[in-house]
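J.: Below is the file query.txt, which contains compact mmCIF, C-alpha atoms (C1' of nucleotides).
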# COMPACT_ATOMS: atom_id res chain seq x y z
CA MET A 1 -1.50 1.45 5.82
CA ALA A 2 1.76 1.08 5.30
CA ASP A 3 4.95 0.01 6.58
CA ILE A 4 8.42 0.22 7.46
CA ASN A 5 11.09 -1.98 6.49
CA SER A 6 14.19 -3.25 7.75
CA SER A 7 16.96 -5.68 7.82
CA ALA A 8 20.24 -6.23 6.11
CA LYS A 9 23.16 -7.30 8.15
CA LYS A 10 25.63 -4.67 7.24
CA PRO A 11 24.24 -1.24 7.80
CA ALA A 12 27.03 1.25 8.04
CA ALA A 13 25.92 1.71 11.62
CA THR A 14 26.20 4.83 13.71
CA VAL A 15 23.03 6.24 12.39
CA ALA A 16 20.26 6.58 14.86
CA GLU A 17 21.88 8.21 17.79
CA GLY A 18 22.22 11.84 18.67
CA GLY A 19 24.81 13.74 16.81
CA GLY A 20 25.57 14.17 13.17
CA MET A 21 27.27 11.36 11.26
CA THR A 22 24.93 10.77 8.43
CA GLN A 23 25.54 9.48 4.91
CA THR A 24 27.85 6.66 5.74
CA GLY A 25 28.03 5.58 2.18
CA GLY A 26 24.61 5.14 0.68
CA ASP A 27 22.65 2.59 2.63
CA ALA A 28 21.81 3.54 6.15
CA ALA A 29 18.25 4.75 6.16
CA TRP A 30 16.94 2.38 8.81
CA ASP A 31 16.50 5.23 11.18
CA ILE A 32 14.39 7.18 8.70
CA ILE A 33 12.34 4.12 7.80
CA GLU A 34 11.40 3.49 11.40
CA LEU A 35 11.02 7.11 12.42
CA LEU A 36 8.66 7.63 9.50
CA PHE A 37 6.60 4.70 10.68
CA PHE A 38 6.27 5.95 14.23
CA ALA A 39 5.82 9.59 13.27
CA TYR A 40 3.08 8.78 10.81
CA ARG A 41 1.38 6.48 13.27
CA ASP A 42 1.14 9.22 15.87
CA PHE A 43 0.29 11.82 13.26
CA VAL A 44 -2.82 10.00 12.13
CA GLY A 45 -3.62 8.81 15.62
CA ASP A 46 -4.85 12.17 16.84
CA PRO A 47 -7.79 12.47 14.43
CA ASP A 48 -8.71 8.82 14.89
CA GLU A 49 -9.96 9.44 18.39
CA VAL A 50 -12.24 12.26 17.31
CA LEU A 51 -13.55 10.28 14.36
CA LEU A 52 -14.68 7.49 16.66
CA LYS A 53 -17.41 9.74 18.04
CA TYR A 54 -18.86 10.11 14.56
CA THR A 55 -18.70 6.45 13.59
CA PHE A 56 -16.26 7.60 10.95
CA GLY A 57 -12.90 6.17 10.05
CA ARG A 58 -9.81 7.26 8.24
CA ALA A 59 -11.47 6.79 4.91
CA HIS A 60 -14.06 9.44 5.79
CA HIS A 61 -11.29 11.68 7.03
CA ARG A 62 -9.41 11.54 3.77
CA VAL A 63 -12.49 12.23 1.70
CA LEU A 64 -13.64 15.10 3.85
CA HIS A 65 -10.18 16.59 3.90
CA PHE A 66 -9.68 16.77 0.18
CA VAL A 67 -13.21 17.86 -0.58
CA ASN A 68 -12.90 20.65 1.91
CA ARG A 69 -9.56 21.71 0.52
CA ASN A 70 -10.77 21.57 -3.07
CA PRO A 71 -14.33 22.82 -3.15
CA GLY A 72 -16.18 21.79 -6.27
CA MET A 73 -13.85 18.98 -7.17
CA LYS A 74 -15.10 16.18 -9.39
CA VAL A 75 -15.58 12.64 -8.13
CA ALA A 76 -13.04 11.47 -10.67
CA ASP A 77 -10.41 13.84 -9.29
CA LEU A 78 -10.99 12.57 -5.80
CA LEU A 79 -10.60 9.01 -6.99
CA ASP A 80 -7.27 9.90 -8.56
CA ILE A 81 -6.00 11.46 -5.37
CA LEU A 82 -7.14 8.71 -3.05
CA ASN A 83 -6.18 5.95 -5.42
CA ILE A 84 -9.13 3.76 -4.57
CA THR A 85 -12.05 2.38 -6.57
CA LYS A 86 -15.29 4.25 -6.99
CA GLN A 87 -17.05 1.51 -5.07
CA SER A 88 -14.86 2.07 -2.06
CA LEU A 89 -15.28 5.79 -2.33
CA GLY A 90 -19.02 5.47 -2.84
CA ARG A 91 -19.50 3.80 0.48
CA VAL A 92 -17.91 6.47 2.63
CA LEU A 93 -19.00 9.35 0.43
CA LYS A 94 -22.61 8.28 0.74
CA GLN A 95 -22.37 8.32 4.52
CA LEU A 96 -20.79 11.75 4.51
CA VAL A 97 -23.51 13.07 2.22
CA ASP A 98 -26.35 11.37 4.12
CA GLN A 99 -25.12 12.84 7.38
CA GLY A 100 -24.76 16.32 5.95
CA PHE A 101 -20.99 16.76 5.85
CA ILE A 102 -20.72 16.95 2.09
CA VAL A 103 -23.09 18.04 -0.68
CA GLN A 104 -22.99 17.23 -4.36
CA LYS A 105 -23.95 19.77 -6.98
CA GLU A 106 -24.56 19.12 -10.63
CA GLY A 107 -21.82 20.58 -12.82
CA GLU A 108 -22.86 23.64 -14.78
CA GLN A 109 -20.91 22.97 -17.94
CA ASP A 110 -21.09 19.20 -17.72
CA ARG A 111 -24.24 18.10 -16.00
CA ARG A 112 -23.00 14.53 -15.59
CA GLN A 113 -20.58 15.69 -12.95
CA ARG A 114 -21.43 15.73 -9.26
CA LEU A 115 -19.16 18.40 -7.86
CA LEU A 116 -18.29 17.97 -4.21
CA TYR A 117 -18.49 20.60 -1.50
CA ALA A 118 -18.11 20.44 2.26
CA THR A 119 -21.06 21.86 4.15
CA PRO A 120 -20.42 24.22 7.09
CA LYS A 121 -20.79 21.15 9.27
CA GLY A 122 -18.29 19.26 7.16
CA GLU A 123 -15.92 22.16 7.14
CA ALA A 124 -16.09 22.39 10.91
CA LEU A 125 -15.20 18.74 11.37
CA SER A 126 -12.47 18.88 8.79
CA HIS A 127 -11.02 21.91 10.46
CA ARG A 128 -11.17 20.33 13.87
CA LEU A 129 -9.27 17.29 12.66
CA ALA A 130 -6.73 19.39 10.82
CA GLN A 131 -6.22 21.46 13.90
CA LEU A 132 -5.06 18.43 15.84
CA GLN A 133 -2.48 17.59 13.25
CA THR A 134 -1.41 21.17 12.82
CA GLU A 135 -0.78 21.40 16.54
CA ARG A 136 1.54 18.43 16.41
CA ILE A 137 3.37 19.84 13.43
CA ASN A 138 3.75 23.30 14.89
CA ARG A 139 4.86 21.87 18.19
CA ALA A 140 7.56 19.97 16.34
CA PHE A 141 8.64 23.07 14.44
CA GLY A 142 8.70 24.94 17.71
CA GLU A 143 11.07 22.42 19.23
CA LEU A 144 13.33 22.55 16.22
CA GLY A 145 14.80 25.83 15.11
CA PRO A 146 13.59 28.15 12.36
CA GLY A 147 13.97 26.67 8.93
CA ALA A 148 12.53 23.41 10.17
CA HIS A 149 9.30 23.95 8.23
CA GLU A 150 11.17 24.56 5.03
CA ALA A 151 13.43 21.57 5.62
CA ALA A 152 10.49 19.27 6.30
CA ARG A 153 8.70 20.56 3.24
CA ARG A 154 11.68 19.87 1.05
CA PHE A 155 12.27 16.42 2.52
CA LEU A 156 8.67 15.30 2.15
CA THR A 157 8.45 16.66 -1.36
CA ALA A 158 11.59 14.79 -2.37
CA MET A 159 10.06 11.57 -0.99
CA ILE A 160 7.14 11.73 -3.43
CA ASP A 161 7.30 9.85 -6.72
CA ALA A 162 8.95 12.16 -9.22
CA ASP A 163 6.02 11.65 -11.61
CA ASN A 164 3.38 12.83 -9.19
CA ARG A 165 5.49 15.44 -7.53
CA GLU A 166 4.50 18.33 -9.75
CA GLY A 167 0.86 17.35 -9.68
CA VAL A 168 0.87 17.17 -5.90
CA LEU A 169 2.50 20.57 -5.57
CA ARG A 170 0.01 22.03 -8.00
CA LEU A 171 -2.84 20.48 -6.04
CA ILE A 172 -1.60 21.93 -2.78
CA ALA A 173 -0.99 25.33 -4.29
CA ARG A 174 -4.39 25.35 -5.92
CA ALA A 175 -6.11 24.31 -2.71
CA ASP A 176 -4.33 27.07 -0.84
CA ARG A 177 -5.55 29.64 -3.30
CA ALA A 178 -9.06 28.24 -3.20
CA LYS A 179 -9.32 28.35 0.56
CA THR A 180 -7.48 31.62 0.96
CA ARG A 181 -9.79 33.71 -1.12
CA SER A 182 -12.97 32.92 0.78
CA MET B 1 -3.07 4.41 7.27
CA ALA B 2 -4.00 7.10 8.12
CA ASP B 3 -4.89 10.47 6.99
CA ILE B 4 -4.42 13.92 6.26
CA ASN B 5 -6.46 16.73 7.26
CA SER B 6 -7.47 20.01 6.08
CA SER B 7 -9.73 22.93 6.03
CA ALA B 8 -10.15 26.17 7.83
CA LYS B 9 -10.92 29.25 5.88
CA LYS B 10 -8.16 31.48 7.03
CA PRO B 11 -4.79 29.92 6.56
CA ALA B 12 -2.13 32.57 6.49
CA ALA B 13 -1.58 31.51 2.89
CA THR B 14 1.67 31.66 0.98
CA VAL B 15 2.80 28.32 2.20
CA ALA B 16 3.11 25.64 -0.38
CA GLU B 17 4.93 27.32 -3.17
CA GLY B 18 8.59 27.43 -3.87
CA GLY B 19 10.62 29.82 -1.84
CA GLY B 20 10.92 30.43 1.83
CA MET B 21 8.15 32.25 3.69
CA THR B 22 7.18 29.81 6.34
CA GLN B 23 5.81 30.33 9.83
CA THR B 24 3.21 32.91 9.01
CA GLY B 25 1.93 32.97 12.52
CA GLY B 26 1.31 29.54 13.89
CA ASP B 27 -1.30 27.77 11.82
CA ALA B 28 -0.28 27.00 8.30
CA ALA B 29 0.67 23.38 8.23
CA TRP B 30 -1.64 22.33 5.42
CA ASP B 31 1.29 21.80 3.16
CA ILE B 32 2.98 19.48 5.63
CA ILE B 33 -0.23 17.58 6.30
CA GLU B 34 -0.74 16.84 2.65
CA LEU B 35 2.89 16.29 1.76
CA LEU B 36 3.12 13.78 4.58
CA PHE B 37 0.13 11.96 3.18
CA PHE B 38 1.53 11.69 -0.33
CA ALA B 39 5.08 10.98 0.79
CA TYR B 40 3.98 8.19 3.07
CA ARG B 41 1.71 6.75 0.42
CA ASP B 42 4.54 6.45 -2.05
CA PHE B 43 6.96 5.32 0.64
CA VAL B 44 4.90 2.28 1.54
CA GLY B 45 3.80 1.73 -2.03
CA ASP B 46 7.12 0.31 -3.17
CA PRO B 47 7.12 -2.73 -0.88
CA ASP B 48 3.45 -3.38 -1.53
CA GLU B 49 4.15 -4.51 -5.07
CA VAL B 50 6.76 -7.01 -3.97
CA LEU B 51 4.58 -8.32 -1.18
CA LEU B 52 1.83 -9.17 -3.65
CA LYS B 53 3.97 -11.98 -5.05
CA TYR B 54 4.09 -13.61 -1.64
CA THR B 55 0.41 -13.25 -0.80
CA PHE B 56 1.60 -11.02 1.99
CA GLY B 57 0.32 -7.63 3.02
CA ARG B 58 1.55 -4.69 4.97
CA ALA B 59 0.82 -6.46 8.21
CA HIS B 60 3.34 -9.14 7.33
CA HIS B 61 5.79 -6.50 6.31
CA ARG B 62 5.63 -4.75 9.65
CA VAL B 63 6.04 -7.96 11.61
CA LEU B 64 8.92 -9.20 9.52
CA HIS B 65 10.61 -5.84 9.70
CA PHE B 66 10.65 -5.52 13.45
CA VAL B 67 11.48 -9.15 14.09
CA ASN B 68 14.40 -8.91 11.74
CA ARG B 69 15.61 -5.71 13.32
CA ASN B 70 15.22 -7.06 16.84
CA PRO B 71 16.25 -10.72 16.81
CA GLY B 72 14.95 -12.64 19.78
CA MET B 73 12.26 -10.17 20.69
CA LYS B 74 9.28 -11.34 22.72
CA VAL B 75 5.80 -11.54 21.26
CA ALA B 76 4.66 -9.05 23.88
CA ASP B 77 7.25 -6.52 22.76
CA LEU B 78 6.13 -6.85 19.18
CA LEU B 79 2.54 -6.28 20.24
CA ASP B 80 3.58 -3.09 21.99
CA ILE B 81 5.37 -1.77 18.95
CA LEU B 82 2.66 -2.62 16.47
CA ASN B 83 -0.13 -1.59 18.77
CA ILE B 84 -2.47 -4.37 17.69
CA THR B 85 -4.11 -7.27 19.47
CA LYS B 86 -2.50 -10.66 19.81
CA GLN B 87 -5.26 -12.13 17.69
CA SER B 88 -4.43 -9.82 14.83
CA LEU B 89 -0.74 -10.50 15.22
CA GLY B 90 -1.34 -14.22 15.52
CA ARG B 91 -2.90 -14.41 12.11
CA VAL B 92 -0.03 -12.94 10.16
CA LEU B 93 2.68 -14.32 12.42
CA LYS B 94 1.38 -17.82 11.90
CA GLN B 95 1.62 -17.41 8.14
CA LEU B 96 5.15 -16.07 8.37
CA VAL B 97 6.16 -18.98 10.58
CA ASP B 98 4.38 -21.59 8.48
CA GLN B 99 6.08 -20.32 5.35
CA GLY B 100 9.50 -20.25 6.94
CA PHE B 101 10.18 -16.54 7.23
CA ILE B 102 10.21 -16.46 11.02
CA VAL B 103 11.03 -19.01 13.71
CA GLN B 104 10.06 -19.04 17.35
CA LYS B 105 12.44 -20.29 20.02
CA GLU B 106 11.60 -21.02 23.61
CA GLY B 107 13.12 -18.49 26.00
CA GLU B 108 16.02 -19.81 28.01
CA GLN B 109 15.33 -17.99 31.25
CA ASP B 110 11.58 -17.93 30.88
CA ARG B 111 10.38 -20.92 28.94
CA ARG B 112 6.91 -19.46 28.45
CA GLN B 113 8.31 -16.96 25.98
CA ARG B 114 8.46 -17.64 22.27
CA LEU B 115 11.32 -15.47 21.08
CA LEU B 116 11.11 -14.40 17.47
CA TYR B 117 13.84 -14.63 14.86
CA ALA B 118 13.88 -14.05 11.13
CA THR B 119 15.19 -17.01 9.14
CA PRO B 120 17.70 -16.37 6.35
CA LYS B 121 14.71 -16.46 4.02
CA GLY B 122 12.89 -13.93 6.16
CA GLU B 123 15.94 -11.77 6.42
CA ALA B 124 16.32 -11.79 2.67
CA LEU B 125 12.77 -10.63 2.10
CA SER B 126 12.97 -8.04 4.81
CA HIS B 127 16.16 -6.72 3.33
CA ARG B 128 14.74 -6.62 -0.14
CA LEU B 129 11.77 -4.58 1.02
CA ALA B 130 13.92 -2.27 3.07
CA GLN B 131 16.17 -1.75 0.11
CA LEU B 132 13.31 -0.31 -1.91
CA GLN B 133 12.51 2.19 0.77
CA THR B 134 16.13 3.00 1.40
CA GLU B 135 16.60 3.77 -2.28
CA ARG B 136 13.76 6.27 -2.16
CA ILE B 137 15.15 7.89 0.96
CA ASN B 138 18.69 8.11 -0.34
CA ARG B 139 17.48 9.46 -3.64
CA ALA B 140 15.68 12.18 -1.73
CA PHE B 141 18.74 12.97 0.35
CA GLY B 142 20.76 13.06 -2.84
CA GLU B 143 18.47 15.65 -4.35
CA LEU B 144 18.60 17.76 -1.24
CA GLY B 145 21.92 18.95 0.07
CA PRO B 146 24.01 17.49 2.88
CA GLY B 147 22.40 17.84 6.25
CA ALA B 148 19.12 16.65 4.80
CA HIS B 149 19.36 13.32 6.60
CA GLU B 150 19.95 14.99 9.91
CA ALA B 151 17.13 17.47 9.31
CA ALA B 152 14.69 14.71 8.38
CA ARG B 153 15.72 12.70 11.41
CA ARG B 154 15.11 15.62 13.71
CA PHE B 155 11.78 16.48 12.11
CA LEU B 156 10.43 12.95 12.27
CA THR B 157 11.60 12.49 15.82
CA ALA B 158 9.87 15.69 16.89
CA MET B 159 6.65 14.43 15.30
CA ILE B 160 6.51 11.41 17.59
CA ASP B 161 4.50 11.54 20.81
CA ALA B 162 6.78 12.92 23.49
CA ASP B 163 5.98 9.93 25.69
CA ASN B 164 7.10 7.32 23.21
CA ARG B 165 9.93 9.32 21.77
CA GLU B 166 12.63 8.06 24.07
CA GLY B 167 11.42 4.51 23.78
CA VAL B 168 11.44 4.69 20.02
CA LEU B 169 14.94 6.10 19.90
CA ARG B 170 16.12 3.42 22.28
CA LEU B 171 14.48 0.78 20.12
CA ILE B 172 16.15 2.06 16.99
CA ALA B 173 19.51 2.38 18.67
CA ARG B 174 19.25 -1.09 20.13
CA ALA B 175 18.25 -2.57 16.80
CA ASP B 176 21.19 -0.88 15.16
CA ARG B 177 23.58 -2.39 17.66
CA ALA B 178 21.94 -5.79 17.32
CA LYS B 179 22.21 -5.85 13.56
CA THR B 180 25.58 -4.19 13.38
CA ARG B 181 27.45 -6.77 15.41
CA SER B 182 26.58 -9.72 13.24
C1' DC C 1 -29.54 12.15 -35.44
C1' DA C 2 -27.79 7.78 -33.92
C1' DA C 3 -23.93 5.67 -31.85
C1' DA C 4 -20.26 5.77 -28.79
C1' DA C 5 -17.85 7.54 -25.02
C1' DT C 6 -17.89 9.64 -20.38
C1' DA C 7 -19.20 10.59 -15.36
C1' DT C 8 -21.27 8.62 -11.91
C1' DG C 9 -23.81 5.25 -9.12
C1' DT C 10 -25.05 0.59 -7.53
C1' DC C 11 -25.49 -4.44 -6.49
C1' DA C 12 -23.07 -8.49 -5.09
C1' DA C 13 -19.29 -11.03 -3.51
C1' DC C 14 -14.83 -11.42 -1.61
C1' DA C 15 -10.09 -10.34 0.93
C1' DT C 16 -7.31 -8.19 4.42
C1' DG C 17 -6.45 -6.88 8.76
C1' DG C 18 -8.20 -4.56 12.55
C1' DC C 19 -11.40 -5.69 16.96
C1' DT C 20 -13.84 -8.11 21.20
C1' DG C 21 -14.84 -12.04 24.10
C1' DA C 22 -14.07 -16.46 25.81
C1' DC C 23 -11.05 -20.08 26.85
C1' DA C 24 -6.82 -23.19 27.06
C1' DT C 25 -2.04 -24.36 28.36
C1' DA C 26 2.32 -24.18 30.22
C1' DA C 27 5.54 -22.07 33.13
C1' DA C 28 6.79 -18.78 36.64
C1' DT C 29 5.62 -16.44 40.94
C1' DT C 30 3.55 -16.00 45.36
C1' DA D 1 -1.27 -25.10 46.05
C1' DA D 2 -3.08 -21.01 44.08
C1' DT D 3 -2.35 -17.25 41.17
C1' DT D 4 -0.33 -14.67 37.66
C1' DT D 5 1.99 -14.34 33.25
C1' DA D 6 3.12 -15.35 28.25
C1' DT D 7 1.20 -17.10 24.58
C1' DG D 8 -2.14 -19.29 21.49
C1' DT D 9 -6.72 -20.16 19.53
C1' DC D 10 -11.69 -20.31 18.19
C1' DA D 11 -15.51 -17.61 16.65
C1' DG D 12 -17.57 -13.69 14.98
C1' DC D 13 -17.89 -8.72 13.83
C1' DC D 14 -16.39 -4.33 11.45
C1' DA D 15 -14.02 -1.12 8.20
C1' DT D 16 -12.25 -0.58 3.97
C1' DG D 17 -10.06 -2.21 0.16
C1' DT D 18 -10.90 -5.24 -4.33
C1' DT D 19 -13.29 -7.16 -8.97
C1' DG D 20 -17.06 -7.69 -12.14
C1' DA D 21 -21.36 -6.57 -14.05
C1' DC D 22 -24.69 -3.28 -15.10
C1' DA D 23 -27.68 1.08 -15.15
C1' DT D 24 -28.49 6.04 -16.15
C1' DA D 25 -27.80 10.47 -17.70
C1' DT D 26 -25.27 13.42 -20.57
C1' DT D 27 -21.82 14.78 -23.79
C1' DT D 28 -19.19 13.95 -27.87
C1' DT D 29 -18.61 12.00 -32.43
C1' DG D 30 -19.16 9.94 -36.91
Could you quickly redo this structure as structure tokens?
T.:
Amino acid sequence: MADINSSAKKPAATVAEGGGMTQTGGDAAWDIIELLFFAYRDFVGDPDEVLLKYTFGRAHHRVLHFVNRNPGMKVADLLDILNITKQSLGRVLKQLVDQGFIVQKEGEQDRRQRLLYATPKGEALSHRLAQLQTERINRAFGELGPGAHEAARRFLTAMIDADNREGVLRLIARADRAKTRS
Amino acid sequence: MADINSSAKKPAATVAEGGGMTQTGGDAAWDIIELLFFAYRDFVGDPDEVLLKYTFGRAHHRVLHFVNRNPGMKVADLLDILNITKQSLGRVLKQLVDQGFIVQKEGEQDRRQRLLYATPKGEALSHRLAQLQTERINRAFGELGPGAHEAARRFLTAMIDADNREGVLRLIARADRAKTRS
DNA sequence: CAAAATATGTCAACATGGCTGACATAAATT
DNA sequence: AATTTATGTCAGCCATGTTGACATATTTTG
């Protein structure tokens, strides 16, 4: 996973309390660094508990998620998204296929491809896991005022590497279209 | 790390594009789920490269970060924050101590305690890693308008388990005070 | 068509960083 | 004096990442 970071003796201070007072000069993001760590930890913690019952881990979760969101995606595309080696992917993918959560279909144009699809069973699990996370997110947006969703979306987008940013947005938009018309 | 999630056939759609149009009913957080995944991946990716040169991993990063932010913290406190076993902590902590990034001092009141402190060397590394992440964060806040920091802070805070939330905020506030007066 | 490139899978070995269980030691508490 | 607490340590297991070497089927190219 990942981490937080820290340190430096001279933060401009007055950052992590309650009111406003942001942007003290340019370096005072300790609060964001740590909040991101704790928020992400809890965010991924919800699904973890469910996954335990299936002898699955986070790796399975990630695979199932993206396959379900992008029906018919190529193995190579999945590797790009997950940023892992095909050997690592192969291990968890095989388990998901063997246990009937994902199926692979030969590509029609290119028969070397093994296009990936979530089975109804896989879709159900993926949805159940997503539901947990969606509940946390919507609860947060409920606590904050309207506009919170948009603000979070903009913040998270701006945190992504500028190179990938467009690709990520395209991926999300494409997945939305794919799942919407079904 | 953790994961994203996905699925469900009937998202209210029209979420991940460009304009406004949020909150379509209550369940449409797929964009946030995936953006959080990619944002966090890039966020922790920066330090990873630096850590490679030290034969350190993310585990070391986390330990060094919190020790540096909370000088003199007890081992037990660190275990609570990281949410790992003492055996897991012991492994990376030992390496950080052996290589001179962290020192342990006997507690004055309770001499069973081994209070943790970052050495100047440890502080330097911690700061260097934090700087990378701070740059990403400040770049993001620069792209977005003013108020972005505050909005991100509120969003991330609301994403934390309600139970821990106060404790986390106290921890961050305390760390800020500790590092500020130095 | 034959040769090369591509998409995918697989075997083997290794590293990191989680985990459990069992003990050990010193210091504080009862 | 007995117990509890704070910490450390040994040993082994598991999940998930890595590299390197091949194998197979299919498409693309010269």
J.: Within 8 Å of chain D, which residues of chain A come that close, and what is the closest atom pair and distance in Å for each? Count only C-alpha atoms (C1' of nucleotides) and give it as JSON lines.
T.:
{"residue": "A:Gly57", "atom": "CA", "partner": "D:DA15", "partner_atom": "C1'", "distance": 7.6}
{"residue": "A:Ala59", "atom": "CA", "partner": "D:DT16", "partner_atom": "C1'", "distance": 7.5}
{"residue": "A:Ile84", "atom": "CA", "partner": "D:DG17", "partner_atom": "C1'", "distance": 7.7}
{"residue": "A:Ser88", "atom": "CA", "partner": "D:DG17", "partner_atom": "C1'", "distance": 6.8}
{"residue": "A:Asp110", "atom": "CA", "partner": "D:DT27", "partner_atom": "C1'", "distance": 7.5}
{"residue": "A:Arg111", "atom": "CA", "partner": "D:DT26", "partner_atom": "C1'", "distance": 6.6}
{"residue": "A:Arg112", "atom": "CA", "partner": "D:DT26", "partner_atom": "C1'", "distance": 5.6}
J.: Tell me, as a PyMOL selection string, which residues lie within 10 Å of region 93-102 of chain B, counting only C-alpha atoms (C1' of nucleotides); anything in the same chain fewer than 6 positions away does not count.
T.: chain B and resi 54-56+59-61+63-64+67-68+75+86-87+116-126
J.: May I have the residues from that selection written out with C-alpha atoms, as an mmCIF file, keeping the file's coordinate frame?
T.:
data_model
loop_
_atom_site.group_PDB
_atom_site.id
_atom_site.type_symbol
_atom_site.label_atom_id
_atom_site.label_comp_id
_atom_site.auth_asym_id
_atom_site.auth_seq_id
_atom_site.Cartn_x
_atom_site.Cartn_y
_atom_site.Cartn_z
ATOM 1 C CA TYR B 54 4.090 -13.610 -1.640
ATOM 2 C CA THR B 55 0.410 -13.250 -0.800
ATOM 3 C CA PHE B 56 1.600 -11.020 1.990
ATOM 4 C CA ALA B 59 0.820 -6.460 8.210
ATOM 5 C CA HIS B 60 3.340 -9.140 7.330
ATOM 6 C CA HIS B 61 5.790 -6.500 6.310
ATOM 7 C CA VAL B 63 6.040 -7.960 11.610
ATOM 8 C CA LEU B 64 8.920 -9.200 9.520
ATOM 9 C CA VAL B 67 11.480 -9.150 14.090
ATOM 10 C CA ASN B 68 14.400 -8.910 11.740
ATOM 11 C CA VAL B 75 5.800 -11.540 21.260
ATOM 12 C CA LYS B 86 -2.500 -10.660 19.810
ATOM 13 C CA GLN B 87 -5.260 -12.130 17.690
ATOM 14 C CA LEU B 116 11.110 -14.400 17.470
ATOM 15 C CA TYR B 117 13.840 -14.630 14.860
ATOM 16 C CA ALA B 118 13.880 -14.050 11.130
ATOM 17 C CA THR B 119 15.190 -17.010 9.140
ATOM 18 C CA PRO B 120 17.700 -16.370 6.350
ATOM 19 C CA LYS B 121 14.710 -16.460 4.020
ATOM 20 C CA GLY B 122 12.890 -13.930 6.160
ATOM 21 C CA GLU B 123 15.940 -11.770 6.420
ATOM 22 C CA ALA B 124 16.320 -11.790 2.670
ATOM 23 C CA LEU B 125 12.770 -10.630 2.100
ATOM 24 C CA SER B 126 12.970 -8.040 4.810
#
J.: Near chain A, meaning an atom within 8 Å, which residues of chain C appear when counting all atoms listed in the file? Write them as number ranges by chain.
T.: C: 7-9
J.: Could you turn the residues from that selection into a file that holds C-alpha atoms (C1' of nucleotides), as a PDB file, keeping the file's coordinate frame?
T.:
ATOM      1  C1'  DA C   7     -19.200  10.590 -15.360  1.00  0.00           C
ATOM      2  C1'  DT C   8     -21.270   8.620 -11.910  1.00  0.00           C
ATOM      3  C1'  DG C   9     -23.810   5.250  -9.120  1.00  0.00           C
TER       4       DG C   9
END
J.: Find the distance between CA of Ala29 (chain A) and CA of Asp77 (chain B) and write it in Å to one decimal.
T.: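 One can read the CA of Ala29 (chain A) to CA of Asp77 (chain B) distance as 22.9 Å.
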J.: Select, from B:Thr85, B:Leu171, B:Ala158, B:Gln133, the residue with the minimum atom-to-atom distance to Gly145 (chain A), counting all atoms listed in the file.
T.: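 Residue with the minimum atom-to-atom distance to Gly145 (chain A): B:Ala158.
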J.: For the atom pair CA of Leu132 (chain B) and CA of Leu156 (chain A), what is the interatomic distance in Å to one decimal place?
T.: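 Computing the Euclidean distance for CA of Leu132 (chain B) and CA of Leu156 (chain A) yields 16.8 Å.
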J.: Which of these, A:Val92, A:Leu79, A:Val103, A:Ala162, has the shortest distance to chain B once you count all atoms listed in the file?
T.: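 For chain B, the nearest of the candidates is A:Ala162.
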J.: So how far away is CA of Val168 (chain B) from CA of Asp46 (chain A), in Å?
T.: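 Distance reported for this atom pair: 18.2 Å.
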J.: For chain A, which residue among B:Gln104, B:Ala39, B:Gln109, B:Gly147 is the nearest when counting all atoms listed in the file?
T.: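 Distance minimum relative to chain A lands on B:Ala39.
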J.: Looking at B:Lys53, B:Tyr40, B:Arg174, B:Ala130, which one is nearest to chain A, with distances taken over all atoms listed in the file?
T.: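 The shortest atom-to-atom distance to chain A comes from B:Ala130.
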J.: Could you give me, as an mmCIF file with C-alpha atoms, keeping the file's coordinate frame, the residues within 12 Å of region 138-144 of chain B, counting only C-alpha atoms (C1' of nucleotides) and dropping anything in the same chain fewer than 4 positions from it?
T.:
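Once written, selection-v7.cif looks like this:
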data_model
loop_
_atom_site.group_PDB
_atom_site.id
_atom_site.type_symbol
_atom_site.label_atom_id
_atom_site.label_comp_id
_atom_site.auth_asym_id
_atom_site.auth_seq_id
_atom_site.Cartn_x
_atom_site.Cartn_y
_atom_site.Cartn_z
ATOM 1 C CA THR A 22 24.930 10.770 8.430
ATOM 2 C CA GLN A 23 25.540 9.480 4.910
ATOM 3 C CA THR A 24 27.850 6.660 5.740
ATOM 4 C CA GLY A 25 28.030 5.580 2.180
ATOM 5 C CA GLY A 26 24.610 5.140 0.680
ATOM 6 C CA ASP A 27 22.650 2.590 2.630
ATOM 7 C CA ALA A 28 21.810 3.540 6.150
ATOM 8 C CA ALA A 29 18.250 4.750 6.160
ATOM 9 C CA TRP A 30 16.940 2.380 8.810
ATOM 10 C CA ILE A 32 14.390 7.180 8.700
ATOM 11 C CA ILE A 33 12.340 4.120 7.800
ATOM 12 C CA GLU A 150 11.170 24.560 5.030
ATOM 13 C CA ALA A 151 13.430 21.570 5.620
ATOM 14 C CA ALA A 152 10.490 19.270 6.300
ATOM 15 C CA ARG A 153 8.700 20.560 3.240
ATOM 16 C CA ARG A 154 11.680 19.870 1.050
ATOM 17 C CA PHE A 155 12.270 16.420 2.520
ATOM 18 C CA LEU A 156 8.670 15.300 2.150
ATOM 19 C CA THR A 157 8.450 16.660 -1.360
ATOM 20 C CA ALA A 158 11.590 14.790 -2.370
ATOM 21 C CA MET A 159 10.060 11.570 -0.990
ATOM 22 C CA ILE A 160 7.140 11.730 -3.430
ATOM 23 C CA ASP A 161 7.300 9.850 -6.720
ATOM 24 C CA ALA A 162 8.950 12.160 -9.220
ATOM 25 C CA ALA B 39 5.080 10.980 0.790
ATOM 26 C CA PHE B 43 6.960 5.320 0.640
ATOM 27 C CA ALA B 130 13.920 -2.270 3.070
ATOM 28 C CA GLN B 131 16.170 -1.750 0.110
ATOM 29 C CA LEU B 132 13.310 -0.310 -1.910
ATOM 30 C CA GLN B 133 12.510 2.190 0.770
ATOM 31 C CA THR B 134 16.130 3.000 1.400
ATOM 32 C CA ALA B 148 19.120 16.650 4.800
ATOM 33 C CA HIS B 149 19.360 13.320 6.600
ATOM 34 C CA GLU B 150 19.950 14.990 9.910
ATOM 35 C CA ALA B 151 17.130 17.470 9.310
ATOM 36 C CA ALA B 152 14.690 14.710 8.380
ATOM 37 C CA ARG B 153 15.720 12.700 11.410
#
